[in-house]
Amino acid sequence: MLPVELNSGIFWIGVDDRTTDLFEGLWPISREGVSYNSYLIKDKKKAIIDLTKSIKGDEFFENINKIAAVNDIDYIIINHMEPDHSGILRTFRKLCPGAMILGSQKTKEMLQDFYGIKDNVEVVKDGDEISLGEKTLKFFYTPMVHWPETIMTYEVSSKILFSCDAFGSFGVLGGSIFDDECKNIDFYIDEAVRYYVNIVAKFSKMVLRAIDKLKSITVEVIAPSHGRIWRKNPGTIVELYRKLASLAEEEAEPGITLIYGSMYGNTENMMNAVAQGISKTQTPLRIFDVSRTHVSYILPSLWTQSGVMIGTPTYEAGLFPTMGDVLRMATLKSITNKKFAMFGSYGWSGGALREIKEIVEPAKWQLIDSFEFKGGPTEEELKKGEEFGRKFGELIKNK
Ligand code: FEO
């Protein structure tokens, strides 16, 4: 995409990434893509805020050159060191060795660790300001949103907050960058939830702390380094992040994530009966086949809903492996304090429930009930399964 002016002298110069399949080598974005938003401020001094991953270098540098000569940039502000925002830095350095890199003390250390860069690096402190001429940049330390070195940059005259990962989402921009130009904003809201839970949720306490810290400034535009720029309704994305971060401590909404796996259809048959029972209670229900759905798409439901129904066969006297993968990732991402129930088929010995407990008990998941059956479910067992689902649905709905 070509540069887009946010405000007089302040430009978006990022790139859309439609070819990376796995963000961080983990999270699928083949269908959605992602943008690496970078910003150039042209004043007496010229500053770039965050860069891009080391892809599409030609497009990125040409975008800069449309506004100012690359070797004429005075400052590179590194809000966050993760290589999706800094990967092109070494190339940048070769083209513009005189630009001063600004970041936190930890950024200074990481610059050496990641890229061997030591020279022309200056540490900014929390609350520091620098003047570019008519425009002023103010820096806020926001550690662990998403790495320990992270800062945010605020341009005082335009009231634009460059928030990097915070308030970001998956999804390429595709021709327009602002929220008010977007005809499918729900897509970016959904992808902001997925991005939050996949990438940032573990650090929710620090997200709340950062949002609190920003109360001291008036923000008219949120310009993150992934996804939409929020100029019409910046409060939408801030409130979404605040609500998501609050769920780390508060009970989630009444709703059930039904995750199941099935080898030959027996557990799936029971899953349908259990789902029918839950549905009778009108409790919100989302169903995921763990063998066919990447955990990236399951985590948002687990984070935002209070109940988990697990349907899993016993596999080699233990837990069905893909179910184990989902539960382990959920606990790694600090998805805690869930109420759960479990059902499933076994051939000759159980074992799945024991392993589930080992995985989720440290995350304070509370077992409400369990129901296992041998081989294929009988008519009687299916009826029992429906009632099992109904009871769990009632319990979650009425909490
Ligand atoms: Fe978008 Fe934590 O990097």
# chains A, B, ... in the order shown; residues from 1 in each chain; ligands from 1
$ residues_around --residues "Glu372 (chain A)" --least-positions-apart "2" --cutoff "10 Å" --atoms "only C-alpha atoms" --output "ChimeraX atom specification"
/A:267,270,311-314,342-346,350,352-353,370,374-375,377,381,385
$ write_last_selection --atoms "C-alpha atoms" --output "PDB file, in the first residue's frame"
ATOM      1  CA  THR A 267     -17.457 -39.519  21.426  1.00  0.00           C
ATOM      2  CA  MET A 270     -22.268 -38.354  22.625  1.00  0.00           C
ATOM      3  CA  GLY A 311     -15.525 -34.518  25.119  1.00  0.00           C
ATOM      4  CA  THR A 312     -12.600 -36.843  24.636  1.00  0.00           C
ATOM      5  CA  PRO A 313     -11.904 -40.521  24.153  1.00  0.00           C
ATOM      6  CA  THR A 314      -9.282 -42.305  26.160  1.00  0.00           C
ATOM      7  CA  MET A 342     -15.921 -34.148  30.889  1.00  0.00           C
ATOM      8  CA  PHE A 343     -17.404 -37.005  28.893  1.00  0.00           C
ATOM      9  CA  GLY A 344     -15.979 -39.598  26.539  1.00  0.00           C
ATOM     10  CA  SER A 345     -15.672 -43.121  25.259  1.00  0.00           C
ATOM     11  CA  TYR A 346     -13.088 -45.679  26.288  1.00  0.00           C
ATOM     12  CA  GLY A 350     -10.253 -45.100  31.185  1.00  0.00           C
ATOM     13  CA  ALA A 352      -8.417 -39.450  29.991  1.00  0.00           C
ATOM     14  CA  LEU A 353      -9.938 -37.756  33.038  1.00  0.00           C
ATOM     15  CA  SER A 370     -17.795 -36.450  34.404  1.00  0.00           C
ATOM     16  CA  LYS A 374     -17.513 -48.034  27.034  1.00  0.00           C
ATOM     17  CA  GLY A 375     -17.307 -48.277  23.230  1.00  0.00           C
ATOM     18  CA  PRO A 377     -23.027 -45.068  23.407  1.00  0.00           C
ATOM     19  CA  GLU A 381     -26.366 -43.478  27.592  1.00  0.00           C
ATOM     20  CA  GLY A 385     -25.559 -37.514  28.058  1.00  0.00           C
TER      21      GLY A 385
END
$ residues_around --residues "Val197 (chain A)" --least-positions-apart "6" --cutoff "9 Å" --atoms "only C-alpha atoms" --output "PyMOL selection string"
chain A and resi 244+296+299-300+303+333
$ select_by_dssp --residues "region 254-284 of chain A" --states "strand (DSSP E)" --output "VMD selection string"
chain A and resid 254 to 260
$ residues_near_ligand --ligand "ligand 1" --cutoff "9 Å" --atoms "only C-alpha atoms and all ligand atoms" --output "VMD selection string"
chain A and resid 24 36 80 to 85 145 to 147 150 164 to 166 168 199 to 200 225 to 226
$ closest_residue --among "A:Ile368, A:Ile222, A:Leu2, A:Ala363" --to "Gly174 (chain A)" --atoms "only C-alpha atoms"
A:Leu2
$ residues_around --residues "region 261-266 of chain A" --least-positions-apart "5" --cutoff "6 Å" --atoms "only C-alpha atoms" --output "PyMOL selection string"
chain A and resi 289-290+312+376
$ residues_around --residues "Phe178 (chain A)" --least-positions-apart "4" --cutoff "8 Å" --atoms "only C-alpha atoms" --output "list in words"
Cys182, Arg228, Ile229, Trp230 and Arg231 of chain A
$ residues_around --residues "Ile287 (chain A)" --least-positions-apart "2" --cutoff "8 Å" --atoms "only C-alpha atoms" --output "PyMOL selection string"
chain A and resi 257-260+285+289
$ write_last_selection --atoms "C-alpha atoms" --output "CSV table (one decimal), in the first residue's frame"
chain,number,residue,atom,x,y,z
A,257,THR,CA,-16.9,-23.9,25.0
A,258,LEU,CA,-17.5,-27.5,24.0
A,259,ILE,CA,-14.2,-28.9,22.8
A,260,TYR,CA,-14.2,-32.5,21.6
A,285,LEU,CA,-22.5,-22.6,23.2
A,289,ASP,CA,-13.3,-30.3,17.0
$ residues_around --residues "region 131-140 of chain A" --least-positions-apart "3" --cutoff "8 Å" --atoms "only C-alpha atoms" --output "number ranges by chain"
A: 43-47, 124-128, 151-157
$ atom_distance --atom1 "CA of His294 (chain A)" --atom2 "CA of Gln276 (chain A)"
24.3 Å
$ atom_distance --atom1 "CA of Asp58 (chain A)" --atom2 "CA of Phe11 (chain A)"
17.5 Å
$ select_by_dssp --residues "region 19-136 of chain A" --states "helix (DSSP H, G or I)" --output "ChimeraX atom specification"
/A:57-67,70-72,83-86,89-95,105-115
$ closest_residue --among "A:Phe170, A:Ala223, A:Ile55, A:Lys399" --to "Ile10 (chain A)" --atoms "only C-alpha atoms"
A:Ala223
$ residues_around --residues "Ala69 (chain A)" --least-positions-apart "6" --cutoff "10 Å" --atoms "only C-alpha atoms" --output "list in words"
Lys46, Phe61, Glu62, Asn63, Leu95 and Cys96 of chain A
$ closest_residue --among "A:Met144, A:Ile359, A:Leu332, A:Leu6" --to "Glu220 (chain A)" --atoms "only C-alpha atoms"
A:Leu6
